[in-house]
Amino acid sequence: MAITTVLGVYREPENVADAVSRLRQAGFGDNEFDILSGTPYPEGSFGEKVQAHRLYLWPLIGALIGFSIALLITAGTQLSFPMVTGGKPILAIPPMLIIMYEGTMLGAILFTVIGVIFESRLPRFSLGVYDARITQGYIGVIVACPQEKLGHTEQLLRESGADDIKKESGR
Amino acid sequence: MQERKVLTELQINDRLLWPVLQTPSWWWPAVILASLVLGGGVTAVTLMVTLGLGVTGLNRPVFWGFMIVNFVFWVGISHAGVMISSILRLCQAEWRRPVTRAAEVLTVFSLATAALFPLIHMGRLWRFYWVFPYDFDRMLWPNVRSPLIWDPSAIFTYLTGASLFVFMALLPDMAILRDRTTGWKHTMYSITSLGWRGNPRQFKLQFILGILLSGLILPVFVSVHSIVSWDFAVSLVPAWHATVFAPYFVIGAVHSGVSGVVTMMVVLRTAFKWQDYITPDHFDALGRLLIAVATAWLYFFMLDVLFAIYGGETKEIAVMNQRIFSWPWGFFFFLIVVLGYIIPVGAWMFRSVRRNIMWMFFLSIIVNMSMWLERLWLIIPGLQNKERLTFNWSTYQPGIIEIMLVFSSFGLVCLGLLIFSKFFPLIPVWEEKEGQLFQAEIKIGNRTVPAIIRE
Amino acid sequence: MTAHTAQAGHAEHTGPHHVNPRPNLPEGPAALTKDVAERFAHPRLGALLVISGLMFLGGIAGVVMRISGGYEDRAAWGFYAAIFAWVLSTGCSAPILSVATRLTKGYWRKPLVRMTELFTVSTILLVLLFIPLMPAIPSVASHVSFWMTPASTPLEGGPQWALLLGVLGLMVCGLGLLYTSARADKAAIAEQSGGAAAAGGWGGTPNQWKVMRQGITYLGSFYLMFLIFVHLLVSIELAITLVPGWRDPIFPAFHAITGLQAGLATLIIMLAVMKRLGGYDQYLGLDQFWNPAKLLMAFTMLWFYFWWSAFIIFWYGRTPAEVGVLLATEFGPYLTPFVIGFVLNFVAPLLLLVWNPIRVSFNGPVVASVLIVIGNFFDRWRIYGGAFGVNPLGGHELPLDRIPMTRIPDLADLLVLLGALGGMVFFYLIASRIIPPISLWEVKEGQLLTRVQTLLRNTVTVIGKPE
């Protein structure tokens, strides 16, 4: 079934909220339309629902990996060159803890960033149907609709006050 | 925040992006000047590499001089960025918005500058890779027990974290620039914005990222300057070996760093004509923060001085005597206390001073002068007489090389900020737009009270 | 985009993340006053008042027993000194949340501010506990004293007088703060039942409000300064100077920070009691537990940071004096209390509070707080038990063969401990029957400055920021 991506470009936020209501009434699910804006509106302002994410797992995984690598490096270097310095034991735990702490935090930070990029569905190599006015104060409503619903969708977007409609045929 | 203007997205885009899309008339002269100053430093390093460390004032027993003072100073300046950005983000303070990115970028460049100094200080800096554990045959491993190895781990973590923080928060703004540019700039921003489109999920994750990274980077920020302080404190050099060094250095870093942010905000407001965005309210808030930070700094400073004397150890008391009563250290002690606390905090107690841009600029400069001197006062005197054999006692005379390096470090940071400002907005555009959205008012009787929206 | 102007709007808030700055309270100043006045006139927790009173009396008996044992054996007073430091760290440090949140202007503080200020009555207990302890502080001439006077002219009595002035100053500031902040509420409640004449001169004029606010700011700031000062003196005179060679500039700061942690934990426990059993359930919502829990997590990490900063220097330096100090107060005979304190102050609370579902709940912060309050006591015991056990004093390092043995607390010690705990609760509950536990004027102000309104299809809260 051919899917066409339709973008409605709006000036007024109230019209966007109206468009979302109409899309829902027309049977579009949450994963079939999206809102694009240059400003982060409070969540749910247009009646949209954001899908759940699992971002919180990423820092945990990163922290574990960082901890393990730092443990390996610190313990490994001390055991590889077992020379007593300053009266400290060969495996000196307090200094190891410092470097392991930094390694844990580095791992957590790196994986948090990777996690956000991944969960944000980035990088995106093509913008697809988009309008540069979105970063100038306009708001876009983007709908993935089957060919047979295309006309109805366009009409629905226009009736809710879209300034412009753009389309891109897809898969 | 009482001073508010209602601005459209287009107005915000225009005002905050104009330095990126056009070139201010002062930009090229500033870049040339910064480059010349930096060039002096490059020349100094070249001379040092060619002729050896002997061209500096370093000699037995004072092997750590201006270069290490500069290292500690710039690590200190780097602390404010993340502190302001992270703590204010976690507290959801609205007044943070124009301040955060500039402070974070200052962190990145000052930390990178700081990291150069131990390298330069090595003398044979082409051998720096020996510190990494990679060549098993050489059987030479970094000494994990040494704080000089803890340093790179901490600084690398902090630099990576701060850089990623800046980059990720830049994504929406790079998308705006992608939409406003053509040619090679459009291509560059298209790549760097990673295809950002601005849907609710992406913005929600941006918000969570801000909270998560703030929460992660705050402990790192505390640990970095603590680890730098342990370069000194874990040794047995008189007047260095004190348990208070870690929080003392951290709070001193916050003091100098926040003052550095104040300096930078004044420059940004004036140079980029951002009076609508950087208002006296921001300086008022920073001034109040600085009173608390400076008082905490004085508390730790007094603890350090009093306990050195209390212990009754001969060498400790000898160093303290030298630091407080002999020239030039006694004069520096006076300057540190007066310029670092008495004058600024006395002035910040007055609201009219906190809201006066020129006064805040002047006070922030003298605070940083005093903090640089404080690092010098901490490091050198303990080394001068630490040897048992008195014929090894000596004073430290900085050479022209070290003085050039100090000035060139300022040139490097300024150059970095200038180049950054040419490619990316120093005030987060999307955060300012969000701030506009969250502005509200409440009518109570005849009075209209400014308000903010919370989700 | 234009600023949104909010008029009266009282829609139910149903946001996903949310926190509700407008809990389900009576609307309007008169209704609020009536509600608080009724609860105030019929206080609960009578049984707890009686039990804590009995414990307090038991504590007095314990003090008498301790005094009758004399002052020759300084080690016998180590546990007592630990209790004194524990009361300073828990009850007396709790009011700091009132000071700090006034400065940062967090809106969630409004219902709980008075409950934190009520803890200033613990300073009375602190003064009462200090007086018997004064003779136990050794003579200035007998050891390396912080007063640094020449051996020929020691400033005898210096530590005692400085500490006495410190705790008295703390008490005066604390009680002054409580009185100043409660005056308007006492007047409002009295006026409701007895008319304007009963308000006692409080008319609520702009000038009176201005003076009151300034008074609270200054008294709160002085309280904070006195608190840090007392922590400094207690940690120096009752611990550091008693252990030869203990040169540790961070220790006063460690004492203060860990005190603030325990004070915050004490507050959270009391909030839970007042919510569940005290009849103030409506006033104490999730916000009033979640936000202090965030602070508690930060202080828990600071506990470790300040402890570690001292430990790493001593561990690395390994001078004989430093080894002596570590053995006397941490890794020697007082290892068990130290480990218990370490786990309860840092490991367990951090592992609990780092999880969102636990931190953002009513019970999670309370459990962490209980652990911290207990852990703080064990931490004070290992410090002061170790310090008071050192004998004789003097010298620049503690020889390893003179590390003091653990002193197990006797009946007198346990009675004093129960009495201190009971005393804090008893004084608090008495105070809550004299001063309304809810800061009415602040809650009214909060109601005036918050609105719930719709923004497009969302419900949001609008919070006024007149400053």
# chains A, B, ... in the order shown; residues from 1 in each chain; ligands from 1

call {"tool": "residues_around", "arguments": {"residues": "segment 81-96 of chain A", "least_positions_apart": "3", "cutoff": "12 Å", "atoms": "only C-alpha atoms", "output": "count of residues only"}}
result
52

call {"tool": "interface_residues", "arguments": {"of": "chain A", "to": "chain C", "cutoff": "8 Å", "atoms": "only C-alpha atoms", "output": "mmCIF file with N, CA and C atoms, in the first residue's frame"}}
result
data_model
loop_
_atom_site.group_PDB
_atom_site.id
_atom_site.type_symbol
_atom_site.label_atom_id
_atom_site.label_comp_id
_atom_site.auth_asym_id
_atom_site.auth_seq_id
_atom_site.Cartn_x
_atom_site.Cartn_y
_atom_site.Cartn_z
ATOM 1 N N PRO A 13 -0.991 27.974 16.779
ATOM 2 C CA PRO A 13 -0.950 26.699 17.523
ATOM 3 C C PRO A 13 -2.340 26.107 17.731
ATOM 4 N N GLU A 14 -3.349 26.977 17.897
ATOM 5 C CA GLU A 14 -4.701 26.468 18.139
ATOM 6 C C GLU A 14 -5.180 25.644 16.949
ATOM 7 N N ALA A 17 -3.768 22.181 17.132
ATOM 8 C CA ALA A 17 -4.495 21.330 18.076
ATOM 9 C C ALA A 17 -5.791 20.847 17.440
ATOM 10 N N PRO A 42 4.831 22.621 25.735
ATOM 11 C CA PRO A 42 4.632 21.650 26.823
ATOM 12 C C PRO A 42 4.007 20.369 26.276
ATOM 13 N N GLU A 43 4.430 19.255 26.819
ATOM 14 C CA GLU A 43 3.996 17.956 26.311
ATOM 15 C C GLU A 43 2.472 17.836 26.360
ATOM 16 N N GLY A 44 1.906 17.410 25.253
ATOM 17 C CA GLY A 44 0.457 17.248 25.194
ATOM 18 C C GLY A 44 -0.294 18.512 24.829
ATOM 19 N N SER A 45 0.401 19.580 24.497
ATOM 20 C CA SER A 45 -0.279 20.846 24.185
ATOM 21 C C SER A 45 -1.223 20.718 23.003
ATOM 22 N N PHE A 46 -0.850 19.901 22.024
ATOM 23 C CA PHE A 46 -1.689 19.764 20.837
ATOM 24 C C PHE A 46 -2.552 18.511 20.919
ATOM 25 N N GLY A 47 -2.516 17.850 22.052
ATOM 26 C CA GLY A 47 -3.267 16.608 22.188
ATOM 27 C C GLY A 47 -2.488 15.399 21.721
ATOM 28 N N LYS A 88 52.673 2.423 49.079
ATOM 29 C CA LYS A 88 51.297 1.998 48.797
ATOM 30 C C LYS A 88 51.309 0.535 48.348
ATOM 31 N N PRO A 94 42.206 2.981 46.824
ATOM 32 C CA PRO A 94 41.708 4.371 46.719
ATOM 33 C C PRO A 94 42.041 5.058 45.393
#

call {"tool": "interface_residues", "arguments": {"of": "chain B", "to": "chain A", "cutoff": "7 Å", "atoms": "only C-alpha atoms", "output": "JSON list (two decimals) with N, CA and C atoms, in the first residue's frame"}}
result
[["chain", "number", "residue", "atom", "x", "y", "z"],
["B", 9, "GLU", "N", 9.08, 34.50, 17.26],
["B", 9, "GLU", "CA", 10.16, 33.56, 16.92],
["B", 9, "GLU", "C", 11.09, 34.17, 15.88],
["B", 10, "LEU", "N", 10.48, 34.89, 14.93],
["B", 10, "LEU", "CA", 11.30, 35.50, 13.87],
["B", 10, "LEU", "C", 12.25, 36.55, 14.47],
["B", 141, "TRP", "N", 54.63, 1.56, 32.61],
["B", 141, "TRP", "CA", 53.21, 1.77, 32.78],
["B", 141, "TRP", "C", 52.95, 3.04, 33.58],
["B", 144, "VAL", "N", 49.29, 4.45, 38.42],
["B", 144, "VAL", "CA", 47.90, 4.74, 38.77],
["B", 144, "VAL", "C", 47.79, 5.39, 40.14],
["B", 145, "ARG", "N", 48.79, 5.17, 40.95],
["B", 145, "ARG", "CA", 48.74, 5.74, 42.30],
["B", 145, "ARG", "C", 49.07, 7.23, 42.30],
["B", 150, "TRP", "N", 45.52, 10.65, 37.69],
["B", 150, "TRP", "CA", 44.10, 10.91, 37.94],
["B", 150, "TRP", "C", 43.66, 12.14, 37.15],
["B", 153, "SER", "N", 42.48, 11.58, 33.50],
["B", 153, "SER", "CA", 41.21, 10.85, 33.45],
["B", 153, "SER", "C", 40.07, 11.80, 33.76],
["B", 154, "ALA", "N", 40.27, 12.65, 34.75],
["B", 154, "ALA", "CA", 39.21, 13.58, 35.13],
["B", 154, "ALA", "C", 38.99, 14.64, 34.06],
["B", 157, "THR", "N", 37.33, 13.23, 30.97],
["B", 157, "THR", "CA", 35.91, 12.98, 31.20],
["B", 157, "THR", "C", 35.11, 14.28, 31.18],
["B", 161, "GLY", "N", 32.41, 15.33, 28.42],
["B", 161, "GLY", "CA", 31.05, 15.59, 28.87],
["B", 161, "GLY", "C", 30.58, 16.99, 28.51],
["B", 176, "ILE", "N", 17.93, 25.34, 12.92],
["B", 176, "ILE", "CA", 17.49, 26.68, 12.51],
["B", 176, "ILE", "C", 18.47, 27.24, 11.49],
["B", 179, "ASP", "N", 18.15, 25.79, 8.12],
["B", 179, "ASP", "CA", 17.01, 26.33, 7.37],
["B", 179, "ASP", "C", 17.23, 27.76, 6.91],
["B", 194, "LEU", "N", 22.19, 16.60, 12.37],
["B", 194, "LEU", "CA", 21.81, 15.18, 12.38],
["B", 194, "LEU", "C", 20.39, 14.94, 11.86],
["B", 195, "GLY", "N", 19.85, 15.89, 11.11],
["B", 195, "GLY", "CA", 18.50, 15.70, 10.60],
["B", 195, "GLY", "C", 17.41, 16.06, 11.59],
["B", 197, "ARG", "N", 14.33, 17.59, 13.30],
["B", 197, "ARG", "CA", 13.12, 18.19, 12.73],
["B", 197, "ARG", "C", 12.27, 18.89, 13.78],
["B", 198, "GLY", "N", 12.47, 18.53, 15.02],
["B", 198, "GLY", "CA", 11.74, 19.23, 16.08],
["B", 198, "GLY", "C", 10.38, 18.64, 16.40],
["B", 199, "ASN", "N", 10.27, 17.31, 16.50],
["B", 199, "ASN", "CA", 8.98, 16.76, 16.91],
["B", 199, "ASN", "C", 8.96, 16.66, 18.45],
["B", 200, "PRO", "N", 7.78, 16.44, 19.04],
["B", 200, "PRO", "CA", 7.68, 16.43, 20.50],
["B", 200, "PRO", "C", 8.60, 15.41, 21.16],
["B", 201, "ARG", "N", 8.79, 14.26, 20.54],
["B", 201, "ARG", "CA", 9.67, 13.25, 21.12],
["B", 201, "ARG", "C", 11.10, 13.78, 21.23],
["B", 202, "GLN", "N", 11.55, 14.42, 20.15],
["B", 202, "GLN", "CA", 12.92, 14.94, 20.17],
["B", 202, "GLN", "C", 13.09, 16.01, 21.23],
["B", 203, "PHE", "N", 12.12, 16.89, 21.35],
["B", 203, "PHE", "CA", 12.22, 17.93, 22.36],
["B", 203, "PHE", "C", 12.13, 17.35, 23.77],
["B", 205, "LEU", "N", 13.11, 14.41, 24.69],
["B", 205, "LEU", "CA", 14.40, 13.78, 24.98],
["B", 205, "LEU", "C", 15.48, 14.82, 25.22],
["B", 209, "LEU", "N", 17.60, 14.82, 28.42],
["B", 209, "LEU", "CA", 19.06, 14.84, 28.28],
["B", 209, "LEU", "C", 19.67, 15.93, 29.14],
["B", 213, "LEU", "N", 22.23, 14.75, 31.84],
["B", 213, "LEU", "CA", 23.63, 15.18, 31.72],
["B", 213, "LEU", "C", 24.00, 16.13, 32.84],
["B", 216, "LEU", "N", 24.70, 14.02, 35.75],
["B", 216, "LEU", "CA", 25.94, 13.24, 35.62],
["B", 216, "LEU", "C", 27.16, 14.14, 35.69],
["B", 430, "TRP", "N", 16.57, 28.16, 20.74],
["B", 430, "TRP", "CA", 15.36, 27.40, 21.04],
["B", 430, "TRP", "C", 14.96, 27.53, 22.51],
["B", 433, "LYS", "N", 13.15, 30.78, 22.88],
["B", 433, "LYS", "CA", 11.78, 30.66, 22.39],
["B", 433, "LYS", "C", 10.92, 29.92, 23.40],
["B", 434, "GLU", "N", 11.49, 28.89, 24.01],
["B", 434, "GLU", "CA", 10.75, 28.15, 25.04],
["B", 434, "GLU", "C", 10.44, 29.07, 26.21],
["B", 455, "GLU", "N", 4.92, 22.78, 33.63],
["B", 455, "GLU", "CA", 4.10, 21.67, 33.11],
["B", 455, "GLU", "C", 3.57, 20.82, 34.25]]

call {"tool": "interface_residues", "arguments": {"of": "chain B", "to": "chain C", "cutoff": "6 Å", "atoms": "only C-alpha atoms", "output": "PyMOL selection string"}}
result
chain B and resi 6+8+234+243-244+303-304+307+310-311+439-442+449-455

call {"tool": "closest_residue", "arguments": {"among": "C:Met65, C:Leu25, C:Val211, C:Val416", "to": "Leu129 of chain C", "atoms": "only C-alpha atoms"}}
result
C:Val416

call {"tool": "select_by_dssp", "arguments": {"residues": "segment 272-413 of chain C", "states": "helix (DSSP H, G or I)", "output": "PyMOL selection string"}}
result
chain C and resi 272-276+281-283+287-317+320-331+335-353+356-359+363-389+400-402+411-413

call {"tool": "closest_atom_pairs", "arguments": {"of": "segment 117-209 of chain C", "to": "segment 28-50 of chain C", "cutoff": "8 Å", "atoms": "only C-alpha atoms", "output": "tab-separated table"}}
result
residue	atom	partner	partner_atom	distance
C:Ala188	CA	C:Thr33	CA	7.0
C:Ile189	CA	C:Ala37	CA	5.8
C:Gln192	CA	C:Lys34	CA	7.5

call {"tool": "write_last_selection", "arguments": {"atoms": "C-alpha atoms", "output": "PDB file, in the first residue's frame"}}
result
ATOM      1  CA  ALA C 188      -4.678  35.498  62.220  1.00  0.00           C
ATOM      2  CA  ILE C 189      -5.778  32.503  64.275  1.00  0.00           C
ATOM      3  CA  GLN C 192     -10.586  34.564  63.987  1.00  0.00           C
TER       4      GLN C 192
END

call {"tool": "residues_around", "arguments": {"residues": "Phe331 of chain C", "least_positions_apart": "5", "cutoff": "12 Å", "atoms": "only C-alpha atoms", "output": "list in words"}}
result
Phe311, Trp315, Glu322, Val323, Gly324, Val325, Leu326, Thr336, Pro337, Phe338, Val339, Phe342, Arg382, Ile383, Gly386, Ile403, Pro404, Met405 and Thr406 of chain C

call {"tool": "residues_around", "arguments": {"residues": "Ala2 of chain A", "least_positions_apart": "5", "cutoff": "12 Å", "atoms": "only C-alpha atoms", "output": "tab-separated table (two decimals) with C-alpha atoms, in the first residue's frame"}}
result
chain	number	residue	atom	x	y	z
A	144	ALA	CA	1.71	9.35	6.83
A	145	CYS	CA	-1.44	8.44	4.99
A	146	PRO	CA	-2.38	5.74	2.51
A	147	GLN	CA	-3.16	6.83	-1.03
A	148	GLU	CA	-6.88	6.34	-0.66
A	149	LYS	CA	-7.08	8.74	2.27
A	150	LEU	CA	-4.87	11.39	0.70
A	168	GLU	CA	5.94	13.46	-0.76
A	169	SER	CA	5.14	10.04	-2.15
A	170	GLY	CA	6.79	7.29	-0.22
A	171	ARG	CA	7.17	3.58	0.04

call {"tool": "closest_residue", "arguments": {"among": "A:Gly161, A:Arg54, A:Lys166, A:Gln155", "to": "Phe118 of chain A", "atoms": "only C-alpha atoms"}}
result
A:Arg54

call {"tool": "residues_around", "arguments": {"residues": "Phe63 of chain B", "least_positions_apart": "3", "cutoff": "12 Å", "atoms": "only C-alpha atoms", "output": "ChimeraX atom specification"}}
result
/B:53-54,56-60,66-69,121-123,379-384,386,394-398

call {"tool": "residues_around", "arguments": {"residues": "Ile340 of chain C", "least_positions_apart": "3", "cutoff": "8 Å", "atoms": "only C-alpha atoms", "output": "NGL selection string"}}
result
:C and (336-337 or 343-344 or 375 or 378-379)

call {"tool": "decode", "arguments": {"residues": "segment 376-397 of chain C", "atoms": "C-alpha atoms", "output": "CSV table (one decimal), in the first residue's frame"}}
result
chain,number,residue,atom,x,y,z
C,376,ASN,CA,24.7,10.1,61.8
C,377,PHE,CA,24.6,9.0,65.4
C,378,PHE,CA,27.1,6.2,64.8
C,379,ASP,CA,29.3,8.6,62.9
C,380,ARG,CA,29.3,11.0,65.8
C,381,TRP,CA,30.0,8.1,68.2
C,382,ARG,CA,33.1,6.9,66.4
C,383,ILE,CA,34.4,10.5,66.3
C,384,TYR,CA,33.8,11.7,69.8
C,385,GLY,CA,34.2,8.2,71.4
C,386,GLY,CA,37.6,8.0,69.8
C,387,ALA,CA,38.6,11.6,70.6
C,388,PHE,CA,37.5,11.6,74.2
C,389,GLY,CA,39.2,8.2,74.8
C,390,VAL,CA,42.7,9.6,74.0
C,391,ASN,CA,44.7,9.8,77.2
C,392,PRO,CA,46.9,11.6,78.1
C,393,LEU,CA,46.7,14.6,75.7
C,394,GLY,CA,49.5,16.6,74.3
C,395,GLY,CA,52.2,15.9,71.7
C,396,HIS,CA,52.1,16.1,67.9
C,397,GLU,CA,51.1,12.5,67.1
